[in-house]
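S.K.: This is the content of input24.txt (compact mmCIF, C-alpha atoms):
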# COMPACT_ATOMS: atom_id res chain seq x y z
CA MET K 1 -80.98 -122.48 -172.83
CA ASN K 2 -79.32 -123.11 -176.16
CA ALA K 3 -80.88 -124.48 -179.32
CA ALA K 4 -79.63 -128.04 -178.77
CA ASP K 5 -81.37 -128.12 -175.36
CA LEU K 6 -84.56 -126.75 -176.89
CA HIS K 7 -84.69 -129.47 -179.51
CA HIS K 8 -84.85 -132.09 -176.80
CA LEU K 9 -87.59 -130.34 -174.89
CA SER K 10 -90.42 -131.22 -177.28
CA ALA K 11 -91.77 -134.17 -175.27
CA ALA K 12 -91.68 -132.29 -171.96
CA TYR K 13 -93.31 -129.30 -173.66
CA ALA K 14 -96.06 -131.45 -175.16
CA LEU K 15 -96.82 -132.75 -171.65
CA ASP K 16 -96.87 -129.20 -170.23
CA ALA K 17 -93.93 -130.28 -168.08
CA VAL K 18 -91.97 -127.07 -168.57
CA ASP K 19 -92.15 -123.88 -166.54
CA ALA K 20 -93.47 -120.60 -167.90
CA ASP K 21 -90.09 -119.28 -169.08
CA GLU K 22 -89.22 -122.48 -170.88
CA ARG K 23 -92.66 -122.60 -172.44
CA GLU K 24 -92.16 -119.14 -173.88
CA ALA K 25 -88.64 -119.90 -175.11
CA PHE K 26 -89.75 -123.17 -176.67
CA GLU K 27 -92.74 -121.61 -178.42
CA GLU K 28 -90.48 -119.01 -179.98
CA HIS K 29 -88.26 -121.85 -181.10
CA LEU K 30 -91.26 -123.78 -182.46
CA ALA K 31 -92.12 -120.98 -184.82
CA ASP K 32 -88.84 -121.62 -186.60
CA CYS K 33 -88.30 -125.36 -186.19
CA GLU K 34 -90.14 -127.76 -188.41
CA ILE K 35 -88.65 -130.77 -186.65
CA CYS K 36 -89.86 -129.76 -183.21
CA ARG K 37 -93.30 -128.83 -184.56
CA ALA K 38 -93.70 -132.31 -185.98
CA ASP K 39 -92.40 -133.82 -182.74
CA VAL K 40 -94.81 -131.79 -180.61
CA GLU K 41 -97.75 -132.69 -182.83
CA SER K 42 -97.09 -136.39 -182.56
CA PHE K 43 -96.41 -136.23 -178.81
CA ARG K 44 -99.66 -134.35 -178.29
CA ASP K 45 -101.49 -137.13 -180.10
CA THR K 46 -99.80 -139.60 -177.80
CA ALA K 47 -100.72 -137.53 -174.75
CA ALA K 48 -104.34 -137.42 -175.94
CA GLY K 49 -104.18 -141.20 -176.12
CA LEU K 50 -103.14 -141.22 -172.45
CA GLY K 51 -105.93 -138.77 -171.68
CA ALA K 52 -108.52 -141.06 -173.23
CA SER K 53 -107.95 -143.50 -170.39
CA LEU K 54 -109.14 -140.88 -167.92
CA ALA K 55 -112.58 -140.33 -169.44
CA SER K 56 -115.19 -139.46 -166.84
CA SER K 57 -118.34 -137.37 -166.62
CA PRO K 58 -118.96 -134.06 -164.90
CA SER K 59 -122.33 -133.02 -163.54
CA ALA K 60 -125.10 -132.55 -166.10
CA SER K 61 -125.46 -128.85 -165.23
CA LEU K 62 -122.04 -128.12 -166.70
CA ARG K 63 -123.40 -128.61 -170.20
CA ASP K 64 -126.03 -125.91 -169.75
CA ASN K 65 -123.48 -123.56 -168.22
CA VAL K 66 -121.10 -124.03 -171.14
CA LEU K 67 -123.77 -123.61 -173.78
CA SER K 68 -125.15 -120.46 -172.20
CA ARG K 69 -121.66 -118.98 -171.91
CA ILE K 70 -120.79 -119.57 -175.55
CA THR K 71 -123.84 -117.67 -176.74
CA ALA K 72 -122.26 -114.65 -175.05
CA THR K 73 -118.73 -115.35 -176.30
CA ARG K 74 -117.47 -113.91 -179.51
CA GLN K 75 -115.35 -116.21 -181.62
CA ASP K 76 -111.85 -115.27 -182.78
CA ALA K 77 -111.33 -114.42 -186.41
CA PRO K 78 -109.76 -117.21 -188.43
CA ILE K 79 -106.01 -116.96 -188.94
CA THR K 80 -105.05 -116.57 -192.53
CA GLY K 81 -101.89 -118.29 -193.57
CA PRO K 82 -100.02 -121.00 -191.71
CA SER K 83 -100.78 -121.38 -188.02
CA VAL K 84 -98.35 -122.01 -185.22
CA ILE K 85 -99.08 -124.75 -182.75
CA GLY K 86 -97.74 -123.04 -179.64
CA LEU K 87 -100.87 -122.10 -177.75
CA ASP K 88 -99.43 -118.87 -176.42
CA ALA K 89 -97.11 -118.09 -179.28
CA ALA K 90 -99.35 -116.41 -181.80
CA ARG K 91 -98.68 -112.88 -180.70
CA ARG K 92 -94.95 -113.49 -180.57
CA ARG K 93 -94.87 -115.23 -183.87
CA ARG K 94 -92.05 -114.32 -186.15
CA ARG K 95 -92.80 -115.43 -189.65
CA THR K 96 -89.67 -116.37 -191.51
CA ALA K 97 -89.02 -117.72 -194.94
CA TRP K 98 -88.30 -121.04 -193.28
CA VAL K 99 -91.76 -121.20 -191.71
CA ALA K 100 -93.49 -119.95 -194.79
CA GLY K 101 -91.78 -122.55 -196.92
CA LEU K 102 -92.33 -125.51 -194.67
CA ALA K 103 -95.58 -124.86 -192.85
CA GLY K 104 -97.77 -126.25 -195.59
CA ALA K 105 -98.11 -129.70 -197.04
CA ALA K 106 -94.55 -130.74 -196.34
CA ALA K 107 -94.83 -130.11 -192.62
CA ALA K 108 -98.13 -131.97 -192.43
CA SER K 109 -96.69 -135.00 -194.15
CA VAL K 110 -93.64 -135.00 -191.89
CA ALA K 111 -95.92 -134.96 -188.86
CA ALA K 112 -98.06 -137.76 -190.21
CA VAL K 113 -95.12 -139.91 -191.12
CA ILE K 114 -93.39 -139.37 -187.79
CA GLY K 115 -96.58 -140.43 -186.06
CA LEU K 116 -96.73 -143.56 -188.11
CA ALA K 117 -93.02 -144.22 -188.33
CA ALA K 118 -93.07 -146.96 -185.75
CA ILE K 119 -95.70 -149.06 -187.43
CA GLU K 120 -95.11 -148.24 -191.04
CA ARG K 121 -91.45 -147.46 -191.10
CA GLY K 122 -90.13 -147.73 -194.59
CA SER K 123 -93.49 -147.95 -196.26
CA GLY K 124 -94.32 -144.25 -195.94
CA SER K 125 -94.91 -142.34 -199.11
CA ASP K 126 -92.25 -139.80 -198.09
CA PRO K 127 -88.91 -141.53 -197.59
CA PHE K 128 -87.27 -138.33 -196.39
CA ALA K 129 -89.82 -137.85 -193.63
CA THR K 130 -89.30 -141.44 -192.56
CA GLU K 131 -85.54 -140.90 -192.44
CA LEU K 132 -86.04 -137.75 -190.42
CA ALA K 133 -88.33 -139.56 -187.99
CA ILE K 134 -85.86 -142.37 -187.50
CA VAL K 135 -82.98 -140.00 -186.85
CA MET K 136 -85.02 -137.96 -184.39
CA GLU K 137 -86.12 -141.08 -182.52
CA GLN K 138 -82.54 -141.81 -181.51
CA SER K 139 -81.77 -140.70 -177.98
CA ASP K 140 -78.51 -139.13 -179.16
CA SER K 141 -80.05 -137.17 -182.01
CA GLN K 142 -78.81 -133.61 -182.41
CA VAL K 143 -80.03 -130.71 -184.49
CA LEU K 144 -77.95 -127.77 -185.63
CA ASP K 145 -78.73 -124.64 -187.61
CA LEU K 146 -75.87 -123.79 -189.91
CA GLU K 147 -74.84 -120.17 -189.65
CA VAL K 148 -74.88 -118.23 -192.84
CA GLN K 149 -71.58 -116.59 -193.78
CA GLY K 150 -71.17 -113.28 -195.54
CA SER K 151 -73.83 -112.48 -198.07
CA ALA K 152 -74.92 -116.07 -198.73
CA GLN K 153 -78.66 -116.70 -198.87
CA GLY K 154 -80.90 -119.49 -197.67
CA GLU K 155 -81.11 -121.57 -194.49
CA PHE K 156 -79.76 -124.96 -193.53
CA ARG K 157 -80.52 -127.25 -190.65
CA VAL K 158 -78.92 -130.63 -190.10
CA ALA K 159 -80.07 -133.42 -187.78
CA TRP K 160 -78.02 -136.51 -187.08
CA SER K 161 -77.51 -139.44 -184.77
CA GLU K 162 -74.00 -140.71 -184.13
CA SER K 163 -75.23 -144.06 -182.88
CA LEU K 164 -77.27 -144.53 -186.05
CA GLY K 165 -74.64 -143.02 -188.34
CA ARG K 166 -77.25 -141.14 -190.34
CA ALA K 167 -77.96 -137.48 -190.95
CA VAL K 168 -80.67 -135.47 -192.65
CA LEU K 169 -80.15 -132.08 -194.19
CA ILE K 170 -82.93 -129.57 -194.76
CA GLY K 171 -82.24 -126.51 -196.85
CA GLU K 172 -84.55 -123.71 -197.80
CA ASP K 173 -84.53 -120.74 -200.15
CA LEU K 174 -81.21 -121.49 -201.75
CA PRO K 175 -80.41 -119.46 -204.83
CA PRO K 176 -79.07 -121.54 -207.72
CA ALA K 177 -75.33 -122.19 -207.52
CA PRO K 178 -73.21 -120.10 -209.91
CA ASP K 179 -72.63 -121.59 -213.37
CA GLY K 180 -70.39 -124.63 -213.21
CA LYS K 181 -70.58 -124.68 -209.41
CA ALA K 182 -72.50 -126.67 -206.82
CA TYR K 183 -73.02 -126.56 -203.06
CA GLU K 184 -71.25 -129.31 -201.15
CA LEU K 185 -71.88 -130.50 -197.58
CA TRP K 186 -68.95 -131.29 -195.28
CA LEU K 187 -68.76 -133.22 -192.04
CA ILE K 188 -65.76 -131.84 -190.20
CA THR K 189 -63.97 -133.83 -187.51
CA PRO K 190 -60.83 -132.77 -185.62
CA ASP K 191 -58.84 -134.81 -188.17
CA GLU K 192 -60.43 -134.22 -191.54
CA SER K 193 -63.16 -132.63 -193.62
CA MET K 194 -65.31 -135.36 -195.11
CA ALA K 195 -67.13 -134.63 -198.36
CA MET K 196 -70.70 -135.72 -197.69
CA TYR K 197 -72.97 -134.65 -200.48
CA VAL K 198 -73.11 -132.47 -203.54
CA LEU K 199 -76.40 -130.62 -203.34
CA ASP K 200 -78.73 -130.27 -206.23
CA PRO K 201 -81.32 -127.83 -205.01
CA ALA K 202 -84.61 -128.45 -206.74
CA GLY K 203 -86.12 -125.65 -208.73
CA ASP K 204 -87.67 -124.06 -205.64
CA GLY K 205 -84.38 -123.96 -203.72
CA ASP K 206 -85.34 -126.71 -201.25
CA VAL K 207 -82.97 -129.45 -200.16
CA HIS K 208 -84.19 -132.57 -198.35
CA VAL K 209 -81.54 -135.27 -198.22
CA ALA K 210 -80.69 -138.17 -195.94
CA LEU K 211 -77.16 -139.51 -195.87
CA ASP K 212 -74.66 -141.58 -193.93
CA ALA K 213 -72.72 -139.78 -191.22
CA PRO K 214 -69.74 -142.05 -190.69
CA ALA K 215 -68.00 -140.01 -187.98
CA ALA K 216 -68.85 -137.80 -185.03
CA PRO K 217 -68.97 -134.25 -186.39
CA ALA K 218 -67.19 -131.37 -184.71
CA ALA K 219 -68.75 -129.04 -187.27
CA TRP K 220 -70.90 -129.04 -190.39
CA ALA K 221 -70.22 -126.75 -193.32
CA ILE K 222 -71.37 -126.02 -196.84
CA THR K 223 -69.03 -124.69 -199.50
CA VAL K 224 -69.26 -123.68 -203.14
CA GLU K 225 -67.33 -126.16 -205.30
CA PRO K 226 -67.01 -127.29 -208.92
CA ASP K 227 -70.31 -128.92 -209.86
CA GLU K 228 -68.90 -132.45 -210.07
CA GLY K 229 -67.98 -132.18 -206.38
CA THR K 230 -64.55 -132.41 -204.83
CA PRO K 231 -63.02 -134.67 -202.17
CA THR K 232 -61.20 -131.74 -200.56
CA ALA K 233 -62.89 -128.46 -199.84
CA THR K 234 -61.45 -125.67 -201.94
CA GLY K 235 -64.22 -123.10 -202.25
CA GLU K 236 -65.81 -120.45 -200.17
CA ILE K 237 -67.60 -121.53 -196.98
CA ILE K 238 -71.15 -120.22 -197.11
CA PHE K 239 -72.63 -122.00 -194.08
CA VAL K 240 -70.87 -123.42 -191.03
CA SER K 241 -71.63 -124.26 -187.40
CA ASN K 242 -69.63 -125.98 -184.71
CA VAL K 243 -71.32 -128.81 -182.85
CA PRO K 244 -71.70 -127.68 -179.22
CA ALA K 245 -69.53 -129.77 -176.94
CA MET Q 1 -119.89 -127.44 -198.43
CA PHE Q 2 -116.45 -128.00 -199.83
CA ALA Q 3 -114.52 -127.41 -196.63
CA VAL Q 4 -116.63 -129.81 -194.60
CA ALA Q 5 -116.51 -132.54 -197.20
CA GLU Q 6 -112.77 -132.18 -197.47
CA ILE Q 7 -112.25 -132.33 -193.73
CA SER Q 8 -114.46 -135.35 -193.18
CA LEU Q 9 -112.34 -137.26 -195.68
CA SER Q 10 -109.52 -137.02 -193.15
CA GLY Q 11 -111.28 -139.64 -191.04
CA ASP Q 12 -111.51 -137.49 -187.91
CA PRO Q 13 -114.97 -138.25 -186.48
CA HIS Q 14 -115.16 -134.80 -184.90
CA ALA Q 15 -114.04 -132.78 -187.91
CA GLY Q 16 -117.47 -132.08 -189.37
CA LEU Q 17 -118.86 -130.75 -186.10
CA ALA Q 18 -115.72 -128.72 -185.49
CA ALA Q 19 -115.97 -127.14 -188.93
CA ARG Q 20 -119.58 -126.13 -188.28
CA ALA Q 21 -118.77 -124.85 -184.80
CA ALA Q 22 -115.99 -122.78 -186.36
CA GLN Q 23 -118.67 -120.96 -188.31
CA GLY Q 24 -120.68 -120.15 -185.21
CA ASP Q 25 -123.05 -123.14 -185.20
CA GLU Q 26 -123.96 -123.55 -181.53
CA SER Q 27 -125.83 -126.81 -181.96
CA ALA Q 28 -122.81 -128.34 -183.66
CA PHE Q 29 -120.71 -127.16 -180.71
CA ALA Q 30 -123.18 -128.82 -178.34
CA GLY Q 31 -122.58 -132.06 -180.24
CA LEU Q 32 -118.87 -131.53 -179.95
CA TYR Q 33 -119.25 -130.94 -176.22
CA ASP Q 34 -121.03 -134.27 -175.81
CA LEU Q 35 -118.29 -136.13 -177.67
CA LEU Q 36 -115.37 -134.39 -176.00
CA VAL Q 37 -116.49 -133.75 -172.45
CA PRO Q 38 -115.48 -137.19 -171.09
CA ILE Q 39 -111.85 -136.79 -172.13
CA VAL Q 40 -111.67 -133.07 -171.34
CA PHE Q 41 -113.19 -133.43 -167.89
CA GLY Q 42 -111.25 -136.64 -167.26
CA VAL Q 43 -107.91 -134.99 -167.98
CA VAL Q 44 -108.73 -131.84 -166.05
CA ALA Q 45 -110.04 -133.77 -163.05
CA ARG Q 46 -106.95 -135.96 -162.93
CA VAL Q 47 -104.62 -132.98 -162.88
CA VAL Q 48 -106.49 -130.60 -160.58
CA ARG Q 49 -107.84 -133.34 -158.24
CA ASP Q 50 -110.75 -131.32 -157.03
CA PRO Q 51 -114.16 -132.00 -158.59
CA SER Q 52 -115.59 -128.51 -158.34
CA MET Q 53 -112.37 -126.88 -159.56
CA ALA Q 54 -112.31 -129.46 -162.37
CA GLU Q 55 -115.77 -128.37 -163.50
CA GLU Q 56 -114.75 -124.74 -163.42
CA VAL Q 57 -111.67 -125.42 -165.53
CA THR Q 58 -113.64 -127.67 -167.89
CA GLN Q 59 -116.08 -124.84 -168.50
CA GLU Q 60 -113.19 -122.48 -169.28
CA VAL Q 61 -111.72 -125.04 -171.65
CA PHE Q 62 -114.94 -125.36 -173.63
CA VAL Q 63 -115.37 -121.61 -173.85
CA GLU Q 64 -111.81 -121.43 -175.18
CA LEU Q 65 -112.56 -124.23 -177.68
CA TRP Q 66 -115.59 -122.28 -178.88
CA ARG Q 67 -113.69 -119.01 -179.08
CA THR Q 68 -110.74 -120.48 -180.94
CA ALA Q 69 -112.65 -122.95 -183.14
CA PRO Q 70 -112.24 -120.70 -186.21
CA ARG Q 71 -108.47 -121.02 -185.75
CA TYR Q 72 -108.39 -124.79 -185.33
CA ASP Q 73 -106.12 -126.21 -188.03
CA GLU Q 74 -106.77 -129.86 -188.82
CA SER Q 75 -103.32 -130.25 -190.35
CA ARG Q 76 -101.92 -129.71 -186.84
CA GLY Q 77 -103.76 -132.62 -185.25
CA SER Q 78 -107.15 -134.12 -184.64
CA VAL Q 79 -110.00 -132.35 -182.88
CA ARG Q 80 -109.57 -134.68 -179.93
CA THR Q 81 -105.89 -133.83 -179.65
CA TRP Q 82 -106.65 -130.12 -179.92
CA ALA Q 83 -109.24 -130.31 -177.12
CA THR Q 84 -107.10 -132.53 -174.92
CA THR Q 85 -104.08 -130.27 -175.37
CA ILE Q 86 -106.02 -127.21 -174.24
CA ALA Q 87 -107.62 -129.14 -171.36
CA HIS Q 88 -104.28 -130.33 -170.02
CA ARG Q 89 -102.65 -126.93 -170.45
CA ARG Q 90 -105.41 -125.07 -168.61
CA ALA Q 91 -105.55 -127.66 -165.84
CA VAL Q 92 -101.81 -127.38 -165.32
CA ASP Q 93 -101.99 -123.59 -165.40
CA ARG Q 94 -104.70 -123.63 -162.75
CA VAL Q 95 -102.85 -126.00 -160.48
CA ARG Q 96 -99.64 -124.00 -160.73
CA SER Q 97 -101.38 -120.71 -160.11
CA GLU Q 98 -103.04 -122.17 -157.05
CA GLN Q 99 -99.61 -122.54 -155.45
CA ALA Q 100 -100.59 -125.98 -154.26
CA ALA Q 101 -97.39 -127.46 -155.53
CA ARG Q 102 -95.91 -128.38 -152.19
CA ASP Q 103 -98.92 -130.40 -151.08
CA ARG Q 104 -99.09 -132.22 -154.36
CA HIS Q 105 -95.40 -133.04 -154.18
CA ASP Q 106 -95.90 -134.73 -150.87
CA ARG Q 107 -98.89 -136.69 -152.10
CA ASP Q 108 -97.24 -137.75 -155.30
CA GLY Q 109 -94.05 -138.70 -153.52
CA ARG Q 110 -96.05 -141.25 -151.60
CA GLU Q 111 -98.00 -142.45 -154.61
CA THR Q 112 -94.94 -143.19 -156.71
CA THR Q 113 -93.36 -145.28 -154.00
CA THR Q 114 -96.20 -147.78 -154.35
CA THR Q 115 -97.21 -149.87 -157.34
CA HIS Q 116 -100.27 -147.70 -157.67
CA ASP Q 117 -101.85 -147.70 -161.10
CA PRO Q 118 -102.54 -144.06 -161.99
CA VAL Q 119 -105.47 -144.74 -164.25
CA SER Q 120 -107.31 -147.51 -162.44
CA HIS Q 121 -109.78 -145.41 -160.48
CA GLU Q 122 -111.27 -143.67 -163.45
CA VAL Q 123 -114.35 -145.13 -165.04
CA GLU Q 124 -115.60 -145.21 -168.63
CA SER Q 125 -113.89 -146.52 -171.75
CA SER Q 126 -112.29 -149.74 -170.60
CA ILE Q 127 -110.81 -150.29 -174.05
CA ASP Q 128 -108.84 -147.06 -173.81
CA ARG Q 129 -107.80 -147.90 -170.27
CA THR Q 130 -106.55 -151.30 -171.32
CA ARG Q 131 -104.64 -149.90 -174.29
CA VAL Q 132 -103.01 -147.24 -172.16
CA ARG Q 133 -102.13 -149.64 -169.38
CA LYS Q 134 -100.51 -152.01 -171.85
CA ALA Q 135 -98.64 -149.16 -173.51
CA LEU Q 136 -97.37 -147.90 -170.15
CA GLU Q 137 -96.25 -151.39 -169.27
CA ALA Q 138 -93.96 -151.31 -172.29
CA LEU Q 139 -92.00 -148.47 -170.69
CA SER Q 140 -89.21 -148.98 -168.21
CA ALA Q 141 -90.30 -148.25 -164.65
CA SER Q 142 -88.23 -145.08 -164.59
CA GLN Q 143 -89.66 -143.82 -167.89
CA ARG Q 144 -93.17 -144.63 -166.74
CA SER Q 145 -92.92 -142.75 -163.47
CA ALA Q 146 -91.45 -139.71 -165.22
CA VAL Q 147 -94.21 -139.61 -167.86
CA GLU Q 148 -96.96 -140.25 -165.30
CA LEU Q 149 -95.78 -137.57 -162.90
CA ALA Q 150 -95.54 -135.10 -165.76
CA TYR Q 151 -98.83 -135.83 -167.53
CA PHE Q 152 -101.15 -137.19 -164.86
CA GLY Q 153 -99.52 -135.25 -162.05
CA GLY Q 154 -99.14 -132.01 -163.98
CA HIS Q 155 -95.57 -131.53 -162.74
CA THR Q 156 -92.72 -129.83 -164.55
CA TYR Q 157 -89.72 -131.99 -165.33
CA ARG Q 158 -87.81 -130.07 -162.64
CA GLU Q 159 -90.41 -131.04 -160.06
CA VAL Q 160 -90.30 -134.61 -161.31
CA ALA Q 161 -86.52 -134.58 -160.84
CA VAL Q 162 -86.96 -133.51 -157.22
CA LEU Q 163 -89.70 -136.08 -156.62
CA LEU Q 164 -87.65 -138.93 -158.05
CA GLY Q 165 -84.32 -137.71 -156.72
CA VAL Q 166 -82.58 -137.79 -160.10
CA PRO Q 167 -80.91 -135.07 -162.21
CA GLU Q 168 -83.11 -132.85 -164.39
CA GLY Q 169 -81.36 -133.96 -167.56
CA THR Q 170 -82.12 -137.57 -166.71
CA VAL Q 171 -85.80 -136.75 -166.32
CA LYS Q 172 -85.91 -134.94 -169.64
CA THR Q 173 -84.38 -137.97 -171.32
CA ARG Q 174 -86.77 -140.37 -169.57
CA ILE Q 175 -89.77 -138.29 -170.58
CA ARG Q 176 -88.58 -138.10 -174.18
CA ASP Q 177 -87.69 -141.78 -174.47
CA GLY Q 178 -90.88 -142.74 -172.68
CA MET Q 179 -93.03 -140.66 -175.01
CA ILE Q 180 -91.31 -142.08 -178.09
CA ARG Q 181 -92.01 -145.56 -176.78
CA LEU Q 182 -95.62 -144.68 -175.98
CA ARG Q 183 -96.06 -143.18 -179.42
CA ASP Q 184 -94.93 -146.49 -180.88
CA GLU Q 185 -97.19 -148.49 -178.58
CA LEU Q 186 -100.29 -146.36 -179.00
CA GLY Q 187 -99.74 -146.01 -182.73
CA GLY Q 188 -100.70 -142.35 -182.94
CA GLU Q 189 -104.21 -141.07 -183.21
CA GLN Q 190 -107.00 -143.60 -182.77
Render the structure in this file as structure tokens.

M.R.:
Amino acid sequence: MNAADLHHLSAAYALDAVDADEREAFEEHLADCEICRADVESFRDTAAGLGASLASSPSASLRDNVLSRITATRQDAPITGPSVIGLDAARRRRRTAWVAGLAGAAAASVAAVIGLAAIERGSGSDPFATELAIVMEQSDSQVLDLEVQGSAQGEFRVAWSESLGRAVLIGEDLPPAPDGKAYELWLITPDESMAMYVLDPAGDGDVHVALDAPAAPAAWAITVEPDEGTPTATGEIIFVSNVPA
Amino acid sequence: MFAVAEISLSGDPHAGLAARAAQGDESAFAGLYDLLVPIVFGVVARVVRDPSMAEEVTQEVFVELWRTAPRYDESRGSVRTWATTIAHRRAVDRVRSEQAARDRHDRDGRETTTTHDPVSHEVESSIDRTRVRKALEALSASQRSAVELAYFGGHTYREVAVLLGVPEGTVKTRIRDGMIRLRDELGGEQ
């Protein structure tokens, strides 16, 4: 199962509608994918809403049984640092810079805004999270990790919807561009390379941008260009990935 | 205590009890049990379909909630969602390990060919039932049957594909689109 398939498994996963192998693969993926974590969180809330309609009572003796068992059950030690939501994933967890950077307040606000996107779309306090939610709600949404080239540093992930014509780009741990240079995002079709955005990584190396995606991409790439940007790519490609057919 | 005050500001009615239970407070956990047992048992009973097995699984779920309470992270979802997630997961695990899949397929195959309402025979919270029924009505019939077979039936999407006689990819899409629609209709955590 490739990454594109995994990204669309979040609803089935949240409903426990995947088999054991897929569960394991998806939980490994979750550790590294902010978008799917937010999706799973909101779908679990929705599933709990469904569950509320099933409320019913067991026999009264169950309470005593539970309470006597917990007195004999040692609690787990708290986890220090960011937690992972995959129930069975903790021991497989691979902490990456991506997770470390995004597992805190930013991830929580993305989850909250995605949950509320339908009723408060546009009025959220985090416009980027709202954009992300809207893109991911499209049935044709796709997500792609851009592959790092050579000795470049950082990570990029792009999500887009062709029907919507919008894309969001998330970058992490980017070193500053060389003096007089900037990173530039390209949407590559079979016919042309379209200059999309000249990145201005904030001081902490994070990039969160939403932009128009006027054509169906065959690939996404990031190059190093003069800092005013350029309509035609001239510099070194530091990240690129083909869109799976 | 700072942590408790901070958590209760989040508006989660269970957060204060969960925070105390996380520190080993058994009476707080008893309070949590009383608040959560209707939804936990309800979900488990719906999926495993056997009252005595449902009680067994419910007991395991609460022991797991107690054991893992110190690791509960409120930024990942409400206490109710945490408990319901574990309840559904353990119920599904039990059903699948019981190898009863074939019988359930046959039963569910019949159920989905009728206009049977999957939630009507449960009692309690009529407000929740009404909200859920209305939300489910907003789905297309094909989305609704896929979501119901997955969540209420405890089936994998592959099993749902066999039950409905449609390709697996179609089922995945129906589940995803159906859940997005439900998320809109239910408006997230209540």

S.K.: So how far away is CA of Ala129 in chain K from CA of His8 in chain K, in Å?

M.R.: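 Interatomic distance here is 18.5 Å.
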
S.K.: Report as an NGL selection string the set of chain Q residues whose atoms approach chain K to within 7 Å, with distances computed over only C-alpha atoms.

M.R.: :Q and (30 or 38-39 or 41-43 or 55 or 59 or 62-63 or 66-68 or 70-71 or 75-77 or 81 or 84-85 or 89 or 119 or 122-125 or 128-129 or 132 or 150-151 or 154-157 or 172 or 175-177 or 179-180 or 182-184 or 186-189)

S.K.: To one decimal place, how far is CA of Thr130 in chain Q from CA of Ala146 in chain Q in Å?

M.R.: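 A separation of 20.0 Å between them.
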
S.K.: Which of these residues is nearest to Tyr183 in chain K, using only C-alpha atoms: K:Ser163, K:Gln142, K:Ser151, K:Thr234?

M.R.: K:Thr234

S.K.: Calculate how many Å separate CA of Phe128 in chain K from CA of Glu74 in chain Q, rounding to one decimal.

M.R.: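 Between these atoms lies a distance of 22.6 Å.
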
S.K.: When distances are computed from all atoms listed in the file, which of Q:Glu148, Q:Ala45, Q:Glu98, Q:Ala19 shows the smallest separation from Asp73 in chain Q?

M.R.: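 Using all atoms listed in the file, the shortest distance to Asp73 in chain Q belongs to Q:Ala19.
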
S.K.: Is it possible to get the axis-aligned box enclosing range 49-57 of chain Q (all listed atoms, 6 Å extra per side) as AutoDock Vina command-line options, with centre and edge lengths in Å rounded to one decimal?

M.R.:
--center_x -111.8 --center_y -129.0 --center_z -161.3 --size_x 19.9 --size_y 20.6 --size_z 20.5
